[in-house]
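> Dropping in upload-v9.csv, which is CSV, C-alpha atoms:
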```
chain,number,residue,atom,x,y,z
R,21,MET,CA,2.4,1.0,33.4
R,22,THR,CA,-0.1,3.7,33.0
R,23,ARG,CA,-2.4,3.5,30.0
R,24,HIS,CA,-2.7,7.3,29.8
R,25,ARG,CA,-0.3,8.9,27.3
R,26,LEU,CA,-0.3,12.3,29.1
R,27,PRO,CA,-0.9,13.1,32.7
R,28,ALA,CA,-3.2,16.0,33.8
R,29,LEU,CA,-0.2,18.4,34.1
R,30,LEU,CA,0.1,18.5,30.3
R,31,GLY,CA,-2.9,20.7,30.0
R,32,ALA,CA,-2.9,22.3,26.5
R,33,ALA,CA,-0.6,19.6,25.1
R,34,LEU,CA,-3.5,17.1,25.4
R,35,LEU,CA,-5.5,19.3,23.1
R,36,ALA,CA,-3.7,18.1,20.0
R,37,GLY,CA,-4.5,14.4,20.6
R,38,ALA,CA,-8.0,15.3,21.7
R,39,ILE,CA,-8.8,17.2,18.4
R,40,VAL,CA,-7.3,14.3,16.4
R,41,GLY,CA,-9.6,12.0,18.2
R,42,VAL,CA,-12.6,14.2,17.6
R,43,ALA,CA,-11.8,14.6,14.0
R,44,TRP,CA,-11.5,10.9,13.6
R,45,HIS,CA,-14.8,10.3,15.4
R,46,ALA,CA,-16.5,12.5,12.9
R,47,LEU,CA,-15.4,10.0,10.2
R,48,ASN,CA,-16.6,6.9,12.1
R,49,VAL,CA,-20.2,8.0,12.7
R,50,GLU,CA,-23.4,6.0,12.5
R,51,VAL,CA,-25.8,6.8,9.7
R,52,GLU,CA,-29.6,6.7,10.5
R,53,ALA,CA,-30.7,3.0,10.1
R,54,PRO,CA,-33.1,3.5,7.1
R,55,VAL,CA,-30.5,5.4,5.1
R,56,GLN,CA,-27.7,3.0,6.0
R,57,ALA,CA,-29.7,0.0,5.0
R,58,ALA,CA,-30.8,1.5,1.7
R,59,VAL,CA,-27.6,3.2,0.3
R,60,ARG,CA,-26.0,0.0,-0.8
R,61,PRO,CA,-28.6,-2.1,-2.7
R,62,ALA,CA,-27.5,-5.7,-3.0
R,63,ALA,CA,-28.3,-6.1,-6.6
R,64,THR,CA,-26.2,-3.1,-7.8
R,65,PRO,CA,-22.5,-3.8,-8.1
R,66,LEU,CA,-20.1,-1.2,-6.9
R,67,PRO,CA,-17.9,0.6,-9.5
R,68,PRO,CA,-14.4,-0.7,-9.6
R,69,VAL,CA,-11.9,0.5,-6.9
R,70,HIS,CA,-9.5,1.8,-9.6
R,71,ALA,CA,-12.2,4.1,-11.0
R,72,GLU,CA,-11.5,7.9,-10.8
R,73,PRO,CA,-12.6,8.9,-7.3
R,74,ARG,CA,-15.3,11.4,-8.1
R,75,ALA,CA,-16.8,9.2,-10.8
R,76,ARG,CA,-16.8,6.3,-8.4
R,77,ALA,CA,-18.5,8.3,-5.7
R,78,GLU,CA,-21.1,9.7,-8.0
R,79,ALA,CA,-21.8,6.3,-9.4
R,80,ILE,CA,-22.3,4.9,-5.9
R,81,VAL,CA,-24.6,7.7,-4.8
R,82,ALA,CA,-26.6,7.7,-8.1
R,83,SER,CA,-27.0,3.9,-8.0
R,84,SER,CA,-28.4,4.0,-4.5
R,85,ALA,CA,-30.5,7.1,-4.7
R,86,GLY,CA,-33.7,5.3,-5.7
R,87,ALA,CA,-33.4,2.8,-2.9
R,88,ALA,CA,-32.6,5.4,-0.4
R,89,ALA,CA,-35.6,7.5,-1.4
R,90,ALA,CA,-37.9,4.4,-1.2
R,91,ALA,CA,-36.7,3.6,2.3
R,92,SER,CA,-36.6,7.0,3.9
R,93,GLY,CA,-38.7,9.2,1.6
R,94,ALA,CA,-37.6,12.1,-0.4
R,95,MET,CA,-34.9,14.1,1.2
R,96,ALA,CA,-35.8,17.6,2.1
R,97,PRO,CA,-33.1,20.3,1.7
R,98,ALA,CA,-33.0,20.6,5.5
R,99,ASN,CA,-31.8,16.9,5.6
R,100,GLN,CA,-29.0,17.5,3.2
R,101,ALA,CA,-25.5,18.9,3.8
R,102,LEU,CA,-22.8,19.8,1.3
R,103,TRP,CA,-19.4,18.5,2.3
R,104,ASP,CA,-16.1,19.1,0.5
R,105,LEU,CA,-14.6,15.6,0.1
R,106,CYS,CA,-11.0,16.1,-1.0
R,107,GLY,CA,-10.3,14.2,-4.2
R,108,ILE,CA,-14.0,14.1,-5.1
R,109,GLY,CA,-15.5,17.5,-4.7
R,110,ARG,CA,-18.5,18.9,-3.0
R,111,MET,CA,-21.1,16.2,-2.4
R,112,PRO,CA,-24.6,16.3,-1.0
R,113,VAL,CA,-24.9,13.7,1.8
R,114,PRO,CA,-27.7,12.9,4.3
R,115,ARG,CA,-27.6,14.8,7.5
R,116,GLY,CA,-27.7,12.5,10.6
R,117,ARG,CA,-27.4,13.1,14.3
R,118,ASP,CA,-24.0,14.8,13.8
R,119,PRO,CA,-23.7,17.3,10.9
R,120,ALA,CA,-20.3,15.8,10.1
R,121,GLU,CA,-21.7,12.5,9.0
R,122,LEU,CA,-21.2,10.5,5.9
R,123,PRO,CA,-23.2,7.6,4.5
R,124,PRO,CA,-21.4,4.3,4.1
R,125,ALA,CA,-20.9,4.7,0.4
R,126,LEU,CA,-18.7,7.7,1.0
R,127,GLY,CA,-17.3,6.8,4.4
R,128,GLU,CA,-17.2,3.3,5.7
R,129,TRP,CA,-16.8,1.4,2.4
R,130,PRO,CA,-14.1,3.4,0.7
R,131,LEU,CA,-12.2,3.6,4.1
R,132,ALA,CA,-12.4,-0.2,4.4
R,133,GLU,CA,-11.1,-0.7,0.8
R,134,ALA,CA,-8.3,1.8,1.4
R,135,SER,CA,-7.4,0.1,4.7
R,136,THR,CA,-7.1,-3.2,2.9
R,137,ARG,CA,-4.7,-1.7,0.3
R,138,LEU,CA,-2.7,0.0,3.1
R,139,LEU,CA,-2.3,-3.3,5.0
R,140,THR,CA,-1.2,-5.0,1.8
R,141,VAL,CA,1.6,-2.5,1.3
R,142,LEU,CA,2.7,-2.6,5.0
R,143,GLU,CA,2.7,-6.4,5.1
R,144,HIS,CA,5.1,-6.6,2.2
R,145,GLY,CA,7.4,-3.9,3.5
R,146,THR,CA,10.2,-3.4,6.0
R,147,PRO,CA,10.1,-5.1,9.5
R,148,ARG,CA,8.8,-1.8,10.9
R,149,GLN,CA,6.1,-1.7,8.3
R,150,ARG,CA,5.1,-5.3,8.9
R,151,ALA,CA,4.9,-4.6,12.6
R,152,ALA,CA,2.7,-1.5,11.9
R,153,ALA,CA,0.5,-3.7,9.8
R,154,ARG,CA,-0.1,-6.0,12.7
R,155,LEU,CA,-0.8,-3.2,15.0
R,156,VAL,CA,-3.2,-1.3,12.7
R,157,ALA,CA,-5.0,-4.5,11.8
R,158,HIS,CA,-5.6,-5.5,15.4
R,159,ALA,CA,-6.6,-2.0,16.4
R,160,GLY,CA,-9.6,-2.0,14.1
R,161,ALA,CA,-11.6,0.9,12.8
R,162,GLN,CA,-11.8,2.7,16.2
R,163,GLY,CA,-8.0,2.8,16.7
R,164,ASP,CA,-8.3,1.2,20.1
R,165,VAL,CA,-5.6,-1.1,21.3
R,166,ALA,CA,-6.1,-0.4,25.0
R,167,ARG,CA,-6.5,-4.1,26.0
R,168,PRO,CA,-4.0,-6.9,26.8
R,169,LEU,CA,-2.5,-8.2,23.6
R,170,SER,CA,0.4,-10.2,24.7
R,171,GLN,CA,0.6,-12.4,21.6
R,172,LEU,CA,0.6,-9.4,19.3
R,173,ALA,CA,3.3,-7.8,21.6
R,174,LEU,CA,5.6,-10.8,21.2
R,175,GLN,CA,5.1,-10.8,17.4
R,176,LEU,CA,6.0,-7.1,17.3
R,177,ALA,CA,9.0,-7.7,19.5
R,178,GLN,CA,10.2,-10.3,17.0
R,179,HIS,CA,10.0,-7.7,14.2
R,180,GLY,CA,11.9,-5.3,16.4
R,181,ARG,CA,14.7,-7.8,17.1
R,182,ASP,CA,14.9,-8.8,13.4
R,183,ALA,CA,15.4,-5.2,12.4
R,184,GLY,CA,17.2,-3.9,15.5
R,185,ASP,CA,14.3,-1.3,15.7
R,186,ALA,CA,13.8,0.2,19.2
R,187,VAL,CA,10.6,2.0,18.1
R,188,VAL,CA,9.0,-1.3,17.4
R,189,MET,CA,10.2,-2.6,20.8
R,190,ALA,CA,8.4,0.4,22.4
R,191,TRP,CA,5.2,-0.6,20.5
R,192,ALA,CA,5.6,-4.2,21.8
R,193,LEU,CA,6.1,-3.1,25.4
R,194,ALA,CA,3.0,-0.8,25.3
R,195,LEU,CA,0.9,-3.9,24.4
R,196,CYS,CA,2.3,-6.5,26.7
R,197,GLU,CA,2.3,-4.4,29.9
R,198,HIS,CA,-0.8,-6.2,31.2
R,199,GLY,CA,0.1,-9.5,29.6
R,200,ASP,CA,1.4,-12.8,30.9
R,201,GLY,CA,5.0,-12.0,31.6
R,202,CYS,CA,6.0,-10.8,28.2
R,203,ALA,CA,7.2,-7.4,29.4
R,204,GLY,CA,10.4,-8.6,31.0
R,205,GLN,CA,12.0,-9.9,27.8
R,206,VAL,CA,10.8,-7.0,25.7
R,207,ILE,CA,12.4,-4.6,28.2
R,208,GLU,CA,15.6,-6.4,28.0
R,209,ASP,CA,15.6,-6.4,24.2
R,210,TRP,CA,14.9,-2.7,24.2
R,211,ILE,CA,17.7,-2.0,26.6
R,212,ALA,CA,20.1,-4.1,24.4
R,213,LEU,CA,19.1,-1.9,21.4
R,214,GLN,CA,19.2,1.4,23.2
R,215,PRO,CA,21.2,1.3,26.5
R,216,GLU,CA,21.5,5.1,26.3
R,217,ASN,CA,17.7,5.6,26.3
R,218,LEU,CA,16.1,6.4,29.7
R,219,ALA,CA,12.7,5.0,28.6
R,220,PRO,CA,13.5,1.2,28.9
R,221,TRP,CA,15.4,1.7,32.1
R,222,LEU,CA,12.3,3.4,33.6
R,223,ALA,CA,10.2,0.5,32.5
R,224,LEU,CA,12.6,-1.9,34.2
R,225,ALA,CA,12.5,0.2,37.4
R,226,SER,CA,8.8,0.0,37.4
R,227,ALA,CA,8.8,-3.7,36.8
R,228,GLU,CA,11.5,-4.3,39.4
R,229,PRO,CA,11.2,-1.5,42.0
R,230,THR,CA,14.2,-2.7,44.0
R,231,SER,CA,16.5,-3.1,41.0
R,232,THR,CA,19.8,-1.5,41.5
R,233,ARG,CA,20.6,-2.3,37.8
R,234,ALA,CA,17.8,-0.1,36.7
R,235,LEU,CA,19.2,2.9,38.6
R,236,ALA,CA,22.6,2.2,37.3
R,237,GLY,CA,21.2,2.2,33.8
R,238,MET,CA,19.4,5.5,34.3
R,239,ARG,CA,22.6,7.1,35.5
R,240,GLN,CA,24.1,6.2,32.1
R,241,ALA,CA,21.1,7.4,30.0
R,242,ARG,CA,21.6,10.3,27.7
R,243,HIS,CA,18.1,10.8,26.2
R,244,PHE,CA,14.4,9.9,26.6
R,245,ARG,CA,13.1,8.7,23.3
R,246,LEU,CA,9.7,7.2,22.6
R,247,GLY,CA,9.3,7.6,18.9
R,248,TYR,CA,5.9,9.1,19.1
R,249,GLY,CA,4.7,9.8,15.6
R,250,ALA,CA,6.6,6.8,14.1
R,251,LEU,CA,3.5,4.7,13.6
R,252,SER,CA,1.5,7.4,11.8
R,253,GLY,CA,4.7,8.3,9.8
R,254,THR,CA,5.0,4.7,8.8
R,255,VAL,CA,1.4,4.6,7.6
R,256,ARG,CA,1.9,7.9,5.7
R,257,THR,CA,4.8,6.4,3.7
R,258,ALA,CA,2.7,3.4,2.7
R,259,LEU,CA,-0.3,5.4,1.4
R,260,THR,CA,-0.5,5.9,-2.3
R,261,ALA,CA,-1.3,9.1,-4.1
R,262,ALA,CA,-4.2,7.3,-5.7
R,263,GLU,CA,-6.2,7.5,-2.5
R,264,ALA,CA,-8.7,10.3,-2.3
R,265,GLY,CA,-7.4,13.0,0.0
R,266,TYR,CA,-10.2,12.7,2.6
R,267,VAL,CA,-9.7,9.0,2.8
R,268,ARG,CA,-5.9,9.4,3.2
R,269,ALA,CA,-6.4,11.9,6.0
R,270,SER,CA,-8.9,9.6,7.7
R,271,LEU,CA,-6.3,6.7,7.7
R,272,LEU,CA,-3.7,9.1,9.2
R,273,ARG,CA,-6.1,10.2,11.9
R,274,ARG,CA,-6.7,6.6,12.7
R,275,ALA,CA,-3.0,5.9,13.0
R,276,LEU,CA,-2.6,8.9,15.3
R,277,ALA,CA,-5.5,7.6,17.4
R,278,ILE,CA,-3.8,4.3,17.8
R,279,GLU,CA,-0.6,6.0,18.9
R,280,GLY,CA,-2.5,8.0,21.5
R,281,THR,CA,-3.8,4.8,23.2
R,282,LEU,CA,-0.4,3.1,23.5
R,283,ALA,CA,0.9,3.1,27.0
R,284,LEU,CA,4.3,4.7,27.7
R,285,PRO,CA,7.1,3.7,30.1
R,286,PRO,CA,6.1,5.1,33.5
R,287,LEU,CA,7.8,8.1,34.9
R,288,MET,CA,6.7,7.2,38.4
R,289,PRO,CA,10.2,6.0,39.4
R,290,VAL,CA,11.5,9.5,38.6
R,291,THR,CA,9.0,11.3,40.7
R,292,ARG,CA,9.3,8.7,43.5
R,293,TRP,CA,13.0,9.1,43.7
R,294,CYS,CA,13.3,12.9,43.6
R,295,PRO,CA,13.9,14.6,46.0
R,296,ALA,CA,16.7,12.2,46.8
R,297,ARG,CA,15.8,9.0,48.6
R,298,PRO,CA,18.0,6.2,50.1
R,299,GLY,CA,20.1,5.0,47.2
R,300,VAL,CA,19.4,8.0,45.1
R,301,ASP,CA,21.5,11.1,45.6
R,302,ALA,CA,21.0,14.7,44.5
R,303,SER,CA,23.3,14.2,41.5
R,304,ASP,CA,20.9,11.4,40.3
R,305,CYS,CA,17.9,13.8,40.3
R,306,ASP,CA,20.0,16.4,38.6
R,307,HIS,CA,20.9,14.0,35.9
R,308,LEU,CA,17.4,12.8,35.4
R,309,ALA,CA,16.1,16.3,35.1
R,310,GLN,CA,18.9,17.1,32.6
R,311,VAL,CA,18.1,14.1,30.4
R,312,LEU,CA,14.3,14.7,30.4
R,313,THR,CA,14.6,18.5,29.6
R,314,THR,CA,17.3,18.3,27.0
R,315,GLY,CA,17.0,14.9,25.5
R,316,SER,CA,13.3,14.2,25.3
R,317,ASP,CA,11.3,13.8,22.0
R,318,THR,CA,8.0,14.2,23.7
R,319,LEU,CA,6.1,16.9,25.6
R,320,LEU,CA,5.5,14.3,28.4
R,321,GLY,CA,9.3,13.9,29.0
R,322,TYR,CA,10.0,17.6,29.1
R,323,PHE,CA,7.1,18.5,31.4
R,324,VAL,CA,8.0,15.8,33.9
R,325,GLY,CA,11.6,16.8,33.6
R,326,THR,CA,10.7,20.4,34.6
R,327,ARG,CA,9.0,19.0,37.7
R,328,VAL,CA,12.1,16.9,38.6
R,329,ALA,CA,14.3,20.0,38.1
R,330,GLU,CA,12.2,21.8,40.6
R,331,ARG,CA,12.5,19.0,43.1
R,332,ALA,CA,16.2,18.7,42.4
R,333,GLY,CA,16.6,22.4,43.5
R,334,TRP,CA,17.8,23.9,40.3
R,335,PRO,CA,18.6,27.6,40.5
R,336,ALA,CA,15.6,30.0,40.1
R,337,ALA,CA,17.0,31.5,36.8
R,338,ARG,CA,17.4,28.0,35.3
R,339,LEU,CA,13.9,27.0,36.3
R,340,GLU,CA,12.5,30.2,34.9
R,341,GLY,CA,14.0,29.2,31.5
R,342,LEU,CA,12.4,25.8,31.7
R,343,ARG,CA,9.0,27.2,32.5
R,344,ALA,CA,9.2,29.7,29.6
R,345,THR,CA,10.0,26.8,27.2
R,346,ARG,CA,7.1,24.9,28.7
R,347,LYS,CA,4.8,27.8,27.9
R,348,ARG,CA,6.1,27.9,24.3
R,349,LEU,CA,5.5,24.1,24.0
R,350,GLU,CA,1.9,24.4,25.4
R,351,ALA,CA,1.1,27.3,23.0
R,352,GLY,CA,2.7,25.4,20.1
R,353,ALA,CA,0.7,22.3,20.9
R,354,THR,CA,-2.5,24.3,21.0
R,355,ARG,CA,-1.7,26.0,17.7
R,356,MET,CA,-0.9,22.6,16.1
R,357,ALA,CA,-4.3,21.4,17.3
R,358,ALA,CA,-6.1,24.4,15.9
R,359,GLY,CA,-4.3,24.0,12.6
R,360,LEU,CA,-6.0,20.6,12.1
R,361,ILE,CA,-9.4,22.3,11.8
R,362,ASP,CA,-10.5,23.9,8.6
R,363,PRO,CA,-12.0,27.3,9.5
R,364,SER,CA,-14.9,26.5,7.2
R,365,MET,CA,-15.6,23.5,9.4
R,366,GLN,CA,-15.2,21.1,6.5
R,367,PRO,CA,-13.5,18.1,8.1
R,368,TRP,CA,-12.8,16.3,4.8
R,369,SER,CA,-11.7,19.2,2.7
R,370,CYS,CA,-8.3,19.4,1.0
R,371,THR,CA,-7.3,22.1,3.5
R,372,SER,CA,-8.0,19.7,6.4
R,373,ALA,CA,-6.4,16.8,4.6
R,374,ALA,CA,-3.2,18.8,3.9
R,375,ALA,CA,-3.1,19.9,7.6
R,376,VAL,CA,-3.2,16.4,8.8
R,377,ASP,CA,-0.6,15.2,6.3
R,378,ASP,CA,1.7,18.1,7.4
R,379,PHE,CA,1.2,17.3,11.0
R,380,VAL,CA,2.1,13.6,10.6
R,381,ARG,CA,5.1,14.5,8.4
R,382,VAL,CA,6.6,17.0,10.9
R,383,LEU,CA,5.8,14.7,13.8
R,384,GLY,CA,7.7,11.9,12.2
R,385,ASP,CA,10.6,14.0,11.0
R,386,VAL,CA,11.4,15.9,14.2
R,387,GLY,CA,9.3,14.4,17.1
R,388,GLU,CA,6.5,15.8,19.1
R,389,LEU,CA,8.5,18.3,21.2
R,390,GLU,CA,10.4,19.9,18.4
R,391,ALA,CA,7.3,20.0,16.3
R,392,ALA,CA,5.6,22.1,19.0
R,393,LEU,CA,8.6,24.4,19.2
R,394,ARG,CA,8.6,25.0,15.5
R,395,VAL,CA,5.0,26.2,15.1
R,396,PRO,CA,5.0,29.9,14.2
R,397,PRO,CA,3.3,32.2,16.7
R,398,GLY,CA,0.6,33.1,14.2
R,399,ALA,CA,-0.2,29.6,13.1
R,400,GLY,CA,-3.4,27.7,13.8
R,401,GLY,CA,-5.9,29.6,11.8
R,402,ARG,CA,-6.3,29.7,8.0
```
Using the file provided, produce a representation of the structure as structure tokens.

Amino acid sequence: MTRHRLPALLGAALLAGAIVGVAWHALNVEVEAPVQAAVRPAATPLPPVHAEPRARAEAIVASSAGAAAAASGAMAPANQALWDLCGIGRMPVPRGRDPAELPPALGEWPLAEASTRLLTVLEHGTPRQRAAARLVAHAGAQGDVARPLSQLALQLAQHGRDAGDAVVMAWALALCEHGDGCAGQVIEDWIALQPENLAPWLALASAEPTSTRALAGMRQARHFRLGYGALSGTVRTALTAAEAGYVRASLLRRALAIEGTLALPPLMPVTRWCPARPGVDASDCDHLAQVLTTGSDTLLGYFVGTRVAERAGWPAARLEGLRATRKRLEAGATRMAAGLIDPSMQPWSCTSAAAVDDFVRVLGDVGELEAALRVPPGAGGR
């Protein structure tokens, strides 16, 4: 299976994921070594986690100011930046190699504490939440799960079986694709849960290219559902209102980054079979195009479905309608991405935090494709 979530043909649709990644990178930056070493003096205890956010942040910064000055010298105004930290207020922080850079006292440490609280809630929740906890914990701070994780995949698959949750089965399959034979059972479990979903049948067709059973299953499929947005939505429901807004948004960006690295069931069988090949007739290609363009919850599914419709020889007027919808989707995805950026270029402001929260909420409620269609034409700027 391919590790890339979107092929090159998606164009503007990739922008949304890219901007989420850039925004998250801004919150996982490296502070200059002298400042990083000095900001947290070992002899000074941190204020309690339950302290009011601004009071806690001010106490951390104040308690470390002397040590920071001793290590790096007095900060000149040119080396300071004022950042709006939602839930705290405007705070002066050292400027590093990147202007959007926070010292550990305001970035790394509160994020680590919030991550611990998040994982505790998830681990004591529903089977899907427990599966999300395992995935988030293994991904780490960089949101990177692009490596073989067969043992984790089998654990997620067990959660999926326990709850009858096809979304969790999709997460499991994304992890075990390069593993030691775990994909076969996960695919079968997913098919058992969702025989009408084209996605697991495509996975079976990729794993067993000569499988007539896979083709028969695809002929019965009625939609192409991947549940993209379910992980970040699960994380969102587990976050408490007590978290500072910029910390909450950072954890949501991390969840989106994890989802962006998960492999999807390959669409290669579809493009390989259409135009019709031996064993695949024109009606099969027509059916696959119909499923992907009318029953997909992702941009990927719709865009590939448009290509299959072209290869299946759909009438010109019908193809023109598909292309017009594709343009709307691309424009909507671009506007969604633009909407995640505060025009004042304050990545941790309440405006930015609310935009990320809204994005995750809508993605979880209606799916990626419908979310892009619902973006108003004038949206994207504030």
> Can you tell me how far CA of His243 (chain R) sits from CA of Gly180 (chain R), in Å to one decimal?
19.8 Å
> Smallest atom-to-atom distance to Leu169 (chain R): which of R:Leu195, R:Ala186, R:Ala152, R:Ile278, using only C-alpha atoms?
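With only C-alpha atoms as the atom set, the closest residue is R:Leu195.
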> Identify which of the residues R:Leu126, R:Leu213, R:Leu142, R:Ala302 lies closest to Thr260 (chain R), counting all atoms listed in the file when measuring atom-to-atom distances.
R:Leu142
> Figure out the distance between CA of Leu308 (chain R) and CA of Ile207 (chain R), please, to one decimal in Å.
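Separation of CA of Ile207 (chain R) and CA of Leu308 (chain R): 19.5 Å.
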> So how many Å separate CA of Arg394 (chain R) and CA of Ile361 (chain R), to one decimal?
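Separating CA of Arg394 (chain R) from CA of Ile361 (chain R) is a distance of 18.6 Å.
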> Please determine, counting all atoms listed in the file, which residue among R:Thr281, R:Thr257, R:Gln178, R:Ser303 has the shortest atom-to-atom distance to Met238 (chain R).
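Among the listed residues, R:Ser303 lies closest to Met238 (chain R).
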> Which residue is closest to Trp293 (chain R)? Choose from R:Pro397, R:Pro363, R:Pro229, R:Gly127 and count only C-alpha atoms.
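For Trp293 (chain R), the nearest of the candidates is R:Pro229.
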> Which residue is closest to Trp221 (chain R)? Choose from R:Met288, R:Ala241, R:Leu360, R:Leu259 and count only C-alpha atoms.
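Once distances to Trp221 (chain R) are computed over only C-alpha atoms, the minimum belongs to R:Ala241.
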